[in-house]
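Visitor: Pasting a structure here, questions to come.
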2 protein chains.
Amino acid sequence: MSPYPVQTDRETIIETARAMIERDGVESLSLGKLASELGIKAPSLYRHIASKNAMLQAVIEQTYMNLFHAYDDALENASDNPQDQITKLSQAHRSFAHENPNTYTLAYTAQHPELRTNPDTLLERALSIQQIITKISGQENSLPALRGLLALVHGYIMLELNEQLQRGGDLSATFDAVIHAYLRGWQ
Amino acid sequence: MSPYPVQTDRETIIETARAMIERDGVESLSLGKLASELGIKAPSLYRHIASKNAMLQAVIEQTYMNLFHAYDDALENASDNPQDQITKLSQAHRSFAHENPNTYTLAYTAQHPELRTNPDTLLERALSIQQIITKISGQENSLPALRGLLALVHGYIMLELNEQLQRGGDLSATFDAVIHAYLRGWQ
DNA sequence: TCCCGAAAACTAATATAATTAGTCTTGAAA
DNA sequence: TTTCAAGACTAATTATATTAGTTTTCGGGA
């Protein structure tokens with residue numbers, strides 16, 4: 001299977017890159033530093049990845065997978081009350097973003113089209129959350145209500161991460177209150 | 001005032017950079033291309049700007065100024081009904097982002113702390129919007145309600161710009177409906 | 001056991017970018 | 001007319017992504 005003194009493989013590269021981005025920010029990640037952390041030289045990376053952008057794309061995809069895993073954990077700890085499920089999912093999303101601010105931001109603000117994640121990956125998750133929302137908003141409003149929820153959760157997090165909510169107050173409690181108000185508006 | 005055959009000045013540099021970013025994206029803006037568009041060589045830019053980051057920071061600040069100008073225009077065309085005022089402001093914000101997607105995204109996702117805009121610049125605007133919100137949510141909830149509104153508007157726009165709302169439907173109408181539901185939740 | 005091919009590493013080289021150092025030019029003011 | 005400072009220029013440095021071409025060594029077949 002593996003010839004030579006194999007130093008690394010694609011999976012290790014992606015995970016190392018992910019960790020380095022999370023630690024130091026995307027801006028400061030170069031293929032040289034990444035290779036060095038892996039004990040190889042930069043050009044050797046091209047045996048495993050097509051380009052730096054392709055590598056970033058893989059990091060973004062992995063980040064979504066990790067986020068979805070956090071969703072799963074959250075749903076396991078939720079009651080069968082839809083309001084509670086949405087709250088738990090939203091909190092899980094926010095916690096994930098706070099634990100992984102740099103990769104989260106990377107995943108959600110990928111400029112280059114080349115870096116965008118396949119929508120189908122996201123669709124399946126969206127549908128299952130939409131089913132929960134339907135119980136609150138009704139069938140006819142479930143897509144708008146879902147879109148607004150995602151916008152609210154993501155927007156709140158981005159404002160926090162960009163330090164644009166600096167006027168004090170308990171930001172966790174405010175988050176919960178805002179979600180609650182939003183859901184009430186659709187009932 | 002101006003010695004030599006002056007080719008450019010700071011204001012022209014910033015505005016040209018802003019236009020180029022809007023046209024081609026931040027990623028593809030180099031000081032070389034910028035200088036070339038201005039008819040000079042890259043090192044000459046350093047007579048007017050301290051660094052590329054300082055220049056980006058100025059572009060971001062200008063973008064906020066332009067956004068605030070759009071707010072002013074919107075309020076002139078609004079009735080004295082707070083619900084109407086918030087709707088008009090939100091629509092103006094969204095329109096601005098759609099007309100200036102690249103600079104809008106740059107302004108709102110500046111990674112480097114070096115690029116962050118002075119919070120005081122934003123505070124004055126936030127306060128005047130908060131006054132309007134107070135009439136809907138009441139005094140005690142006005143800060144959370146304001147934060148949620150900004151999150152909702154910004155988050156919705158970012159999802160649109162990142163092409164994460166691809167399942168059809170009238171996105172403008174949905175935006176209005178989502179804002180409306182949110183405000184109802186705080187009444 | 002030996003050899004050989006392919007995977008995966010390496011070195012060298014190229015192109016693009018940001019930035020710094022040092023020099024030249026010229027318009028305005030003395 | 002002389003001077004000087006602002007603003008331009010060229011040359012050089014450092015990083016970085018990427019490509020080309022070369023070397024190494026293991027595992028499987030002769």
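Labels for the structure tokens follow display order: chains A, B, ..., residues from 1 in each chain, ligands from 1.
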Can you build me a table of chain A residues sitting at most 12 Å from chain D, with the closest atom pair per residue and its distance in Å to one decimal, using only C-alpha atoms (C1' of nucleotides), sorted by chain and residue number, as a Markdown table?

Guide:
| residue | atom | partner | partner_atom | distance |
| --- | --- | --- | --- | --- |
| A:Met1 | CA | D:DG27 | C1' | 8.7 |
| A:Ser2 | CA | D:DC26 | C1' | 8.3 |
| A:Pro3 | CA | D:DC26 | C1' | 5.1 |
| A:Tyr4 | CA | D:DC26 | C1' | 5.0 |
| A:Pro5 | CA | D:DT25 | C1' | 7.4 |
| A:Val6 | CA | D:DC26 | C1' | 10.1 |
| A:Ser28 | CA | D:DT16 | C1' | 11.1 |
| A:Leu29 | CA | D:DT16 | C1' | 10.4 |
| A:Ser30 | CA | D:DT16 | C1' | 7.2 |
| A:Leu31 | CA | D:DA17 | C1' | 7.9 |
| A:Gly32 | CA | D:DT16 | C1' | 8.0 |
| A:Lys33 | CA | D:DT16 | C1' | 10.5 |
| A:Ala42 | CA | D:DA17 | C1' | 9.4 |
| A:Pro43 | CA | D:DT18 | C1' | 8.0 |
| A:Ser44 | CA | D:DT18 | C1' | 11.3 |
| A:Leu45 | CA | D:DT18 | C1' | 10.9 |
| A:Tyr46 | CA | D:DT18 | C1' | 9.1 |
| A:Ala50 | CA | D:DT18 | C1' | 10.2 |
| A:Ser51 | CA | D:DT18 | C1' | 8.3 |
| A:Lys52 | CA | D:DA17 | C1' | 7.9 |
| A:Asn53 | CA | D:DA17 | C1' | 10.5 |

Visitor: Could you work out which residues of chain C fall inside 9 Å of chain B? Count only C-alpha atoms (C1' of nucleotides), and format the result as a VMD selection string.

Guide: chain C and resid 17 to 19 25 to 28

Visitor: Keeping only C-alpha atoms (C1' of nucleotides), write those residues as a PDB file, in the first residue's frame.

Guide:
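So selection_11.pdb came out as:
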ATOM      1  C1'  DA C  17       4.098  40.380  -4.429  1.00  0.00           C
ATOM      2  C1'  DA C  18       5.097  43.468  -0.638  1.00  0.00           C
ATOM      3  C1'  DT C  19       8.302  46.301   1.080  1.00  0.00           C
ATOM      4  C1'  DT C  25      13.134  65.352 -10.980  1.00  0.00           C
ATOM      5  C1'  DT C  26      10.696  69.514 -10.789  1.00  0.00           C
ATOM      6  C1'  DG C  27       7.556  73.096  -9.232  1.00  0.00           C
ATOM      7  C1'  DA C  28       7.028  76.594  -5.907  1.00  0.00           C
TER       8       DA C  28
END

Visitor: Taking only residues of chain B that have an atom at most 6 Å from an atom of chain A, what is each one's shortest atom pair and its distance in Å to one decimal, using only C-alpha atoms, in chain and number order, as JSON lines?

Guide:
{"residue": "B:Pro144", "atom": "CA", "partner": "A:Thr174", "partner_atom": "CA", "distance": 5.8}
{"residue": "B:Gly148", "atom": "CA", "partner": "A:Val178", "partner_atom": "CA", "distance": 5.7}
{"residue": "B:Ala151", "atom": "CA", "partner": "A:Gly155", "partner_atom": "CA", "distance": 4.1}
{"residue": "B:Leu152", "atom": "CA", "partner": "A:Leu152", "partner_atom": "CA", "distance": 4.2}
{"residue": "B:His154", "atom": "CA", "partner": "A:Gly155", "partner_atom": "CA", "distance": 5.6}
{"residue": "B:Gly155", "atom": "CA", "partner": "A:Gly155", "partner_atom": "CA", "distance": 3.7}
{"residue": "B:Tyr156", "atom": "CA", "partner": "A:Ala151", "partner_atom": "CA", "distance": 4.5}
{"residue": "B:Thr174", "atom": "CA", "partner": "A:Pro144", "partner_atom": "CA", "distance": 5.8}
{"residue": "B:Val178", "atom": "CA", "partner": "A:Gly148", "partner_atom": "CA", "distance": 5.7}
{"residue": "B:Ala181", "atom": "CA", "partner": "A:Gly185", "partner_atom": "CA", "distance": 4.4}
{"residue": "B:Tyr182", "atom": "CA", "partner": "A:Tyr182", "partner_atom": "CA", "distance": 4.6}
{"residue": "B:Arg184", "atom": "CA", "partner": "A:Gly185", "partner_atom": "CA", "distance": 5.0}
{"residue": "B:Gly185", "atom": "CA", "partner": "A:Gly185", "partner_atom": "CA", "distance": 3.8}
{"residue": "B:Trp186", "atom": "CA", "partner": "A:Ala181", "partner_atom": "CA", "distance": 5.7}

Visitor: Can those selected residues be exported to a file as an mmCIF file, in the first residue's frame so that it contains N, CA and C atoms?

Guide:
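Ended up saving to again31.cif:
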data_model
loop_
_atom_site.group_PDB
_atom_site.id
_atom_site.type_symbol
_atom_site.label_atom_id
_atom_site.label_comp_id
_atom_site.auth_asym_id
_atom_site.auth_seq_id
_atom_site.Cartn_x
_atom_site.Cartn_y
_atom_site.Cartn_z
ATOM 1 N N PRO B 144 -30.692 44.156 23.045
ATOM 2 C CA PRO B 144 -30.794 42.835 22.417
ATOM 3 C C PRO B 144 -31.530 42.872 21.084
ATOM 4 N N GLY B 148 -29.926 41.691 17.523
ATOM 5 C CA GLY B 148 -30.535 40.646 16.713
ATOM 6 C C GLY B 148 -30.875 41.141 15.317
ATOM 7 N N ALA B 151 -27.747 41.318 13.316
ATOM 8 C CA ALA B 151 -27.330 39.946 13.023
ATOM 9 C C ALA B 151 -28.175 39.364 11.899
ATOM 10 N N LEU B 152 -29.467 39.562 11.987
ATOM 11 C CA LEU B 152 -30.382 38.996 10.998
ATOM 12 C C LEU B 152 -30.119 39.585 9.615
ATOM 13 N N HIS B 154 -27.422 41.265 8.486
ATOM 14 C CA HIS B 154 -26.085 40.928 7.996
ATOM 15 C C HIS B 154 -25.978 39.446 7.647
ATOM 16 N N GLY B 155 -26.506 38.602 8.511
ATOM 17 C CA GLY B 155 -26.423 37.164 8.268
ATOM 18 C C GLY B 155 -27.149 36.764 6.995
ATOM 19 N N TYR B 156 -28.309 37.327 6.789
ATOM 20 C CA TYR B 156 -29.077 37.006 5.581
ATOM 21 C C TYR B 156 -28.286 37.377 4.332
ATOM 22 N N THR B 174 -38.680 37.204 0.861
ATOM 23 C CA THR B 174 -38.359 36.433 2.056
ATOM 24 C C THR B 174 -37.644 37.298 3.089
ATOM 25 N N VAL B 178 -38.904 37.906 6.842
ATOM 26 C CA VAL B 178 -38.091 37.494 7.978
ATOM 27 C C VAL B 178 -37.912 38.665 8.957
ATOM 28 N N ALA B 181 -41.206 39.128 10.763
ATOM 29 C CA ALA B 181 -41.417 38.130 11.813
ATOM 30 C C ALA B 181 -40.561 38.437 13.034
ATOM 31 N N TYR B 182 -39.335 38.816 12.775
ATOM 32 C CA TYR B 182 -38.422 39.112 13.880
ATOM 33 C C TYR B 182 -38.960 40.255 14.732
ATOM 34 N N ARG B 184 -41.998 41.306 14.985
ATOM 35 C CA ARG B 184 -43.209 40.873 15.687
ATOM 36 C C ARG B 184 -42.862 40.123 16.965
ATOM 37 N N GLY B 185 -41.802 39.359 16.907
ATOM 38 C CA GLY B 185 -41.393 38.607 18.084
ATOM 39 C C GLY B 185 -41.008 39.476 19.268
ATOM 40 N N TRP B 186 -40.629 40.702 19.003
ATOM 41 C CA TRP B 186 -40.211 41.600 20.100
ATOM 42 C C TRP B 186 -41.328 42.503 20.587
#

Visitor: Considering only alpha helix (DSSP H) as DSSP defines it on the backbone, what residues of chain A qualify? List them as JSON, numbers by chain.

Guide: {"A": [10, 11, 12, 13, 14, 15, 16, 17, 18, 19, 20, 21, 22, 23, 24, 31, 32, 33, 34, 35, 36, 37, 38, 52, 53, 54, 55, 56, 57, 58, 59, 60, 61, 62, 63, 64, 65, 66, 67, 68, 69, 70, 71, 72, 73, 74, 75, 76, 82, 83, 84, 85, 86, 87, 88, 89, 90, 91, 92, 93, 94, 95, 96, 97, 98, 99, 101, 102, 103, 104, 105, 106, 107, 108, 119, 120, 121, 122, 123, 124, 125, 126, 127, 128, 129, 130, 131, 132, 133, 134, 135, 136, 137, 142, 143, 144, 145, 146, 147, 148, 149, 150, 151, 152, 153, 154, 155, 156, 157, 158, 159, 160, 161, 171, 172, 173, 174, 175, 176, 177, 178, 179, 180, 181, 182, 183, 184, 185, 186]}

Visitor: Could you list, as a list in words, every residue within 9 Å of Tyr104 in chain A, counting only C-alpha atoms (C1' of nucleotides) and ignoring same-chain residues fewer than 5 positions away?

Guide: Glu22, Ile60, Thr63, Tyr64, Leu67, Phe96, Ala97, His98, Glu99 and Thr109 of chain A
